[in-house]
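Structure, as structure tokens:
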Amino acid sequence: MPDSGKGRVSRDSTRNTLVVAIGVSFVCSILVAGASVLLKPRQAKNEELYRQRIVLDVAGLYEPGIDIDDTFSTNVAVRLVDLSSGNFVDTPDASTFDPVAAAQNPDLSTPVPSGLDIAGIRRRANYAPIYIVEGPAADRQIILPVHGYGLWSTMYGFLALDSDGTTVRGLQFYEHAETPGLGDQIDDGGWQAQWRGKQLFDESGAVRLTVIRGQVRPGEQAIYEVDGLSGATLTGRGVTNLIHYWAGQHGFGPFLSGIRQEAKTVE
């Protein structure tokens with residue numbers, strides 16, 4: 001006759017093991033979810049400080065050890081721009097507006113016509129934050145968030161301009177996944193330094209600034225050219241395309257046109 005007692009013990013043991021495993025999994029999931037909720041504000045603040053550091057760096061205001069939050073709030077004002085009109089939008093939330101997230105929301109964004117989408121972004125937000133540097137530590141600058149596709153990834157960065165709306169102060173990228181040793185030359189300080197003093201527009205208002213193939217040669221066109229990236233032609237082309245898109249009429253073009261006109265009247 002079979003020993004039914006041993007069978008029941010085995011079944012009970014298995015059941016208890018499953019109950020314990022499910023209980024442990026449930027508790028762990030609660031702990032992970034709770035930790036995620038608790039850490040989210042800190043992660044958001046760290047991301048904000050990182051972007052602020054890049055803005056300060058491209059503006060020439062960053063030094064190791066500074067209080068990033070304090071230096072940013074003292075020297076930089078964040079304003080929201082309606083990209084279609086080029087006009088400022090009055091809102092207290094300009095510093096927290098995320099144009100990349102907004103571009104995913106059909107109610108807050110606009111499709112980029114295929115003939116204009118040289119940056120490969122498909123949609124752009126209707127509004128964009130700009131950073132106006134005019135504090136005691138620096139001359140007035142305008143810093144624009146820009147992004148566009150390179151060879152392998154979307155490159156996110158900031159373009160800094162003088163108050164004339166065309167003279168470049170700097171360009172830096174804060175996020176991308178371009179090829180190590182090739183496309184990531186966009187992070188090289190020497191290459192970034194070449195952008196300073198270049199002209200975004202020519203006298204007619206056409207966007208001219210370009211990453212060329214090879215090295216820039218002396219001449220009239222040099223003011224509109226930056227050295228190519230050795231072994232990373234497509235990444236360089238992506239940089240050119242994103243600059244031309246965001247400086248164009250579907251990007252910050254209307255806003256920059258107003259800035260250039262304002263600068264001419266001041267002269």
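Going by the structure tokens order, chains are called A, B, ..., each with residues numbered from 1, while ligands are numbered from 1 in the order shown.
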Surrounding residues of Thr167 of chain A excluding itself and chain neighbours under 6 positions, 7 Å, only C-alpha atoms, as a PyMOL selection string | chain A and resi 161+197-200
Kindly export the residues of the current selection with N, CA and C atoms, as a PDB file, in the first residue's frame.
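Output saved as result-v2.pdb:
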ATOM      1  N   LEU A 161      25.789  81.253 -28.972  1.00  0.00           N
ATOM      2  CA  LEU A 161      25.992  82.350 -29.913  1.00  0.00           C
ATOM      3  C   LEU A 161      26.180  83.657 -29.160  1.00  0.00           C
ATOM      4  N   GLY A 197      34.030  81.750 -32.719  1.00  0.00           N
ATOM      5  CA  GLY A 197      34.290  82.821 -33.676  1.00  0.00           C
ATOM      6  C   GLY A 197      33.764  82.557 -35.075  1.00  0.00           C
ATOM      7  N   LYS A 198      33.309  81.337 -35.348  1.00  0.00           N
ATOM      8  CA  LYS A 198      32.748  81.040 -36.668  1.00  0.00           C
ATOM      9  C   LYS A 198      31.405  81.760 -36.829  1.00  0.00           C
ATOM     10  N   GLN A 199      30.986  81.931 -38.093  1.00  0.00           N
ATOM     11  CA  GLN A 199      29.726  82.608 -38.384  1.00  0.00           C
ATOM     12  C   GLN A 199      28.666  81.594 -38.807  1.00  0.00           C
ATOM     13  N   LEU A 200      27.507  81.682 -38.159  1.00  0.00           N
ATOM     14  CA  LEU A 200      26.411  80.772 -38.466  1.00  0.00           C
ATOM     15  C   LEU A 200      25.722  81.159 -39.774  1.00  0.00           C
TER      16      LEU A 200
END
DSSP helix (DSSP H, G or I) residues within segment 152-194 of chain A, listed as an MDAnalysis selection string | chainID A and resid 183:187 189:193
Expected file: the selected residues, C-alpha atoms, as an mmCIF file, in the first residue's frame:
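After the write, again.cif holds the following:
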data_model
loop_
_atom_site.group_PDB
_atom_site.id
_atom_site.type_symbol
_atom_site.label_atom_id
_atom_site.label_comp_id
_atom_site.auth_asym_id
_atom_site.auth_seq_id
_atom_site.Cartn_x
_atom_site.Cartn_y
_atom_site.Cartn_z
ATOM 1 C CA GLY A 183 32.544 59.843 -34.182
ATOM 2 C CA ASP A 184 33.184 60.681 -30.561
ATOM 3 C CA GLN A 185 35.742 63.232 -31.756
ATOM 4 C CA ILE A 186 32.837 65.662 -31.361
ATOM 5 C CA ASP A 187 33.759 65.589 -27.649
ATOM 6 C CA GLY A 189 38.280 69.913 -26.827
ATOM 7 C CA GLY A 190 40.501 70.876 -29.745
ATOM 8 C CA TRP A 191 37.744 70.247 -32.275
ATOM 9 C CA GLN A 192 35.185 72.063 -30.134
ATOM 10 C CA ALA A 193 37.517 75.069 -29.862
#
Go through A:Pro180, A:Thr74, A:Asp82, A:Tyr156 and flag the residue nearest Ile132 of chain A, using only C-alpha atoms for the distances.
-> A:Thr74
Out of A:Glu134, A:Asp139, A:Asp117, A:Glu178, which residue has the shortest atom-to-atom distance to Tyr245 of chain A when counting only C-alpha atoms?
->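 Between A:Glu134, A:Asp139, A:Asp117, A:Glu178, the residue approaching Tyr245 of chain A most closely is A:Asp117.
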Spatial neighbours of Ala247 of chain A, 8 Å, only C-alpha atoms, chain gap at least 5 places, as a list in words |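 My reading of the contact set: Leu200, Val207, Phe252, Gly253 and Leu256 of chain A.
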Can you list, as a ChimeraX atom specification, every residue of segment 116-242 of chain A that DSSP puts in strand (DSSP E)?
-> /A:123-125,127-133,141-149,154-162,168-175,210-211,225-226
Limited to C-alpha atoms, could you put the picked residues into a file as an mmCIF file, in the first residue's frame?
data_model
loop_
_atom_site.group_PDB
_atom_site.id
_atom_site.type_symbol
_atom_site.label_atom_id
_atom_site.label_comp_id
_atom_site.auth_asym_id
_atom_site.auth_seq_id
_atom_site.Cartn_x
_atom_site.Cartn_y
_atom_site.Cartn_z
ATOM 1 C CA ARG A 123 9.015 65.661 -35.020
ATOM 2 C CA ARG A 124 9.953 68.749 -33.072
ATOM 3 C CA ALA A 125 8.318 70.374 -30.059
ATOM 4 C CA TYR A 127 8.271 75.318 -28.051
ATOM 5 C CA ALA A 128 11.896 75.204 -26.963
ATOM 6 C CA PRO A 129 13.817 76.599 -23.997
ATOM 7 C CA ILE A 130 16.695 78.942 -24.704
ATOM 8 C CA TYR A 131 19.352 80.027 -22.245
ATOM 9 C CA ILE A 132 20.266 83.707 -22.080
ATOM 10 C CA VAL A 133 23.593 84.354 -20.392
ATOM 11 C CA GLN A 141 25.118 85.005 -25.013
ATOM 12 C CA ILE A 142 22.260 82.952 -26.408
ATOM 13 C CA ILE A 143 22.450 79.187 -25.960
ATOM 14 C CA LEU A 144 20.214 76.924 -28.018
ATOM 15 C CA PRO A 145 19.454 73.230 -27.438
ATOM 16 C CA VAL A 146 20.055 71.274 -30.652
ATOM 17 C CA HIS A 147 19.821 67.632 -31.643
ATOM 18 C CA GLY A 148 19.978 65.482 -34.723
ATOM 19 C CA TYR A 149 21.035 62.088 -36.018
ATOM 20 C CA THR A 154 20.827 61.077 -31.977
ATOM 21 C CA MET A 155 23.306 63.690 -30.785
ATOM 22 C CA TYR A 156 22.091 66.169 -28.155
ATOM 23 C CA GLY A 157 23.966 69.366 -27.456
ATOM 24 C CA PHE A 158 24.027 73.127 -26.990
ATOM 25 C CA LEU A 159 25.055 75.822 -29.478
ATOM 26 C CA ALA A 160 26.208 79.106 -27.936
ATOM 27 C CA LEU A 161 25.992 82.350 -29.913
ATOM 28 C CA ASP A 162 27.019 85.935 -29.249
ATOM 29 C CA VAL A 168 29.473 81.165 -32.465
ATOM 30 C CA ARG A 169 30.821 80.967 -28.929
ATOM 31 C CA GLY A 170 30.861 77.188 -28.768
ATOM 32 C CA LEU A 171 29.204 73.846 -29.441
ATOM 33 C CA GLN A 172 29.108 70.917 -27.035
ATOM 34 C CA PHE A 173 27.255 67.627 -27.035
ATOM 35 C CA TYR A 174 26.086 66.039 -23.812
ATOM 36 C CA GLU A 175 24.590 62.789 -25.116
ATOM 37 C CA THR A 210 29.533 73.529 -42.121
ATOM 38 C CA VAL A 211 31.742 70.670 -40.962
ATOM 39 C CA GLU A 225 33.913 76.072 -41.887
ATOM 40 C CA VAL A 226 35.057 73.616 -39.220
#
Please identify all polymer residues within 10 Å of Val216 of chain A, counting only C-alpha atoms, omitting same-chain residues fewer than 3 positions from it, and present them as a PDB file with N, CA and C atoms, in the first residue's frame.
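So result.pdb came out as:
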ATOM      1  N   GLN A 194      37.451  74.949 -32.300  1.00  0.00           N
ATOM      2  CA  GLN A 194      37.401  75.529 -33.639  1.00  0.00           C
ATOM      3  C   GLN A 194      36.110  76.300 -33.901  1.00  0.00           C
ATOM      4  N   VAL A 211      30.598  71.544 -41.235  1.00  0.00           N
ATOM      5  CA  VAL A 211      31.742  70.670 -40.962  1.00  0.00           C
ATOM      6  C   VAL A 211      32.165  70.096 -42.309  1.00  0.00           C
ATOM      7  N   ILE A 212      33.350  70.466 -42.765  1.00  0.00           N
ATOM      8  CA  ILE A 212      33.792  70.062 -44.098  1.00  0.00           C
ATOM      9  C   ILE A 212      34.527  68.725 -44.036  1.00  0.00           C
ATOM     10  N   ARG A 213      34.901  68.213 -45.190  1.00  0.00           N
ATOM     11  CA  ARG A 213      35.789  67.049 -45.254  1.00  0.00           C
ATOM     12  C   ARG A 213      37.218  67.577 -45.306  1.00  0.00           C
ATOM     13  N   GLY A 219      41.068  81.526 -46.155  1.00  0.00           N
ATOM     14  CA  GLY A 219      40.305  82.108 -47.252  1.00  0.00           C
ATOM     15  C   GLY A 219      38.987  82.669 -46.759  1.00  0.00           C
ATOM     16  N   GLN A 221      36.004  81.617 -47.104  1.00  0.00           N
ATOM     17  CA  GLN A 221      35.016  80.650 -46.625  1.00  0.00           C
ATOM     18  C   GLN A 221      35.362  80.076 -45.256  1.00  0.00           C
ATOM     19  N   ALA A 222      36.583  80.313 -44.790  1.00  0.00           N
ATOM     20  CA  ALA A 222      37.035  79.686 -43.547  1.00  0.00           C
ATOM     21  C   ALA A 222      36.174  80.077 -42.349  1.00  0.00           C
ATOM     22  N   ILE A 223      35.594  81.262 -42.402  1.00  0.00           N
ATOM     23  CA  ILE A 223      34.788  81.734 -41.279  1.00  0.00           C
ATOM     24  C   ILE A 223      33.513  80.908 -41.111  1.00  0.00           C
ATOM     25  N   TYR A 224      33.152  80.159 -42.157  1.00  0.00           N
ATOM     26  CA  TYR A 224      31.946  79.329 -42.130  1.00  0.00           C
ATOM     27  C   TYR A 224      32.264  77.836 -42.048  1.00  0.00           C
ATOM     28  N   GLU A 225      33.518  77.477 -41.799  1.00  0.00           N
ATOM     29  CA  GLU A 225      33.913  76.072 -41.887  1.00  0.00           C
ATOM     30  C   GLU A 225      34.623  75.582 -40.628  1.00  0.00           C
ATOM     31  N   VAL A 226      34.398  74.307 -40.328  1.00  0.00           N
ATOM     32  CA  VAL A 226      35.057  73.616 -39.220  1.00  0.00           C
ATOM     33  C   VAL A 226      35.677  72.340 -39.778  1.00  0.00           C
ATOM     34  N   ASP A 227      36.858  71.966 -39.269  1.00  0.00           N
ATOM     35  CA  ASP A 227      37.541  70.756 -39.737  1.00  0.00           C
ATOM     36  C   ASP A 227      36.631  69.532 -39.674  1.00  0.00           C
ATOM     37  N   GLY A 228      36.796  68.647 -40.659  1.00  0.00           N
ATOM     38  CA  GLY A 228      36.073  67.388 -40.652  1.00  0.00           C
ATOM     39  C   GLY A 228      36.603  66.450 -39.585  1.00  0.00           C
TER      40      GLY A 228
END
Atom-to-atom span, atom CA of Asn241 of chain A and atom CA of Trp195 of chain A, Å | 15.4 Å
Closest of A:Gly251, A:Thr91, A:Thr166, A:Ser230 to Gly181 of chain A - atom-to-atom distances counting only C-alpha atoms =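 Closest to Gly181 of chain A, using only C-alpha atoms: A:Ser230.
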Select, from A:Gln52, A:Gln249, A:Ala232, A:Ser257, the residue with the minimum atom-to-atom distance to Glu203 of chain A, counting only C-alpha atoms.
->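 Checking each of A:Gln52, A:Gln249, A:Ala232, A:Ser257 against Glu203 of chain A, counting only C-alpha atoms, the winner is A:Ser257.
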Who sits within 12 Å of Ala103 of chain A, only C-alpha atoms, same chain under 3 positions skipped, as number ranges by chain = A: 97-100, 106-112, 121-128, 147
Choose the residue, out of A:Asp69, A:Gln215, A:His244, A:Ile259, that has the smallest atom-to-atom separation from Lys45 of chain A; count only C-alpha atoms.
->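 Looking at the shortest contact to Lys45 of chain A, the residue is A:Asp69.
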Nearest to Phe201 of chain A among A:Glu220, A:Ile66, A:Gly165, A:Pro92, with distances taken over only C-alpha atoms: which residue is it?
->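 Ranking A:Glu220, A:Ile66, A:Gly165, A:Pro92 by distance to Phe201 of chain A, first place goes to A:Gly165.
Distance-wise, atom CA of Asp57 of chain A and atom CA of Pro218 of chain A end up 28.3 Å apart.
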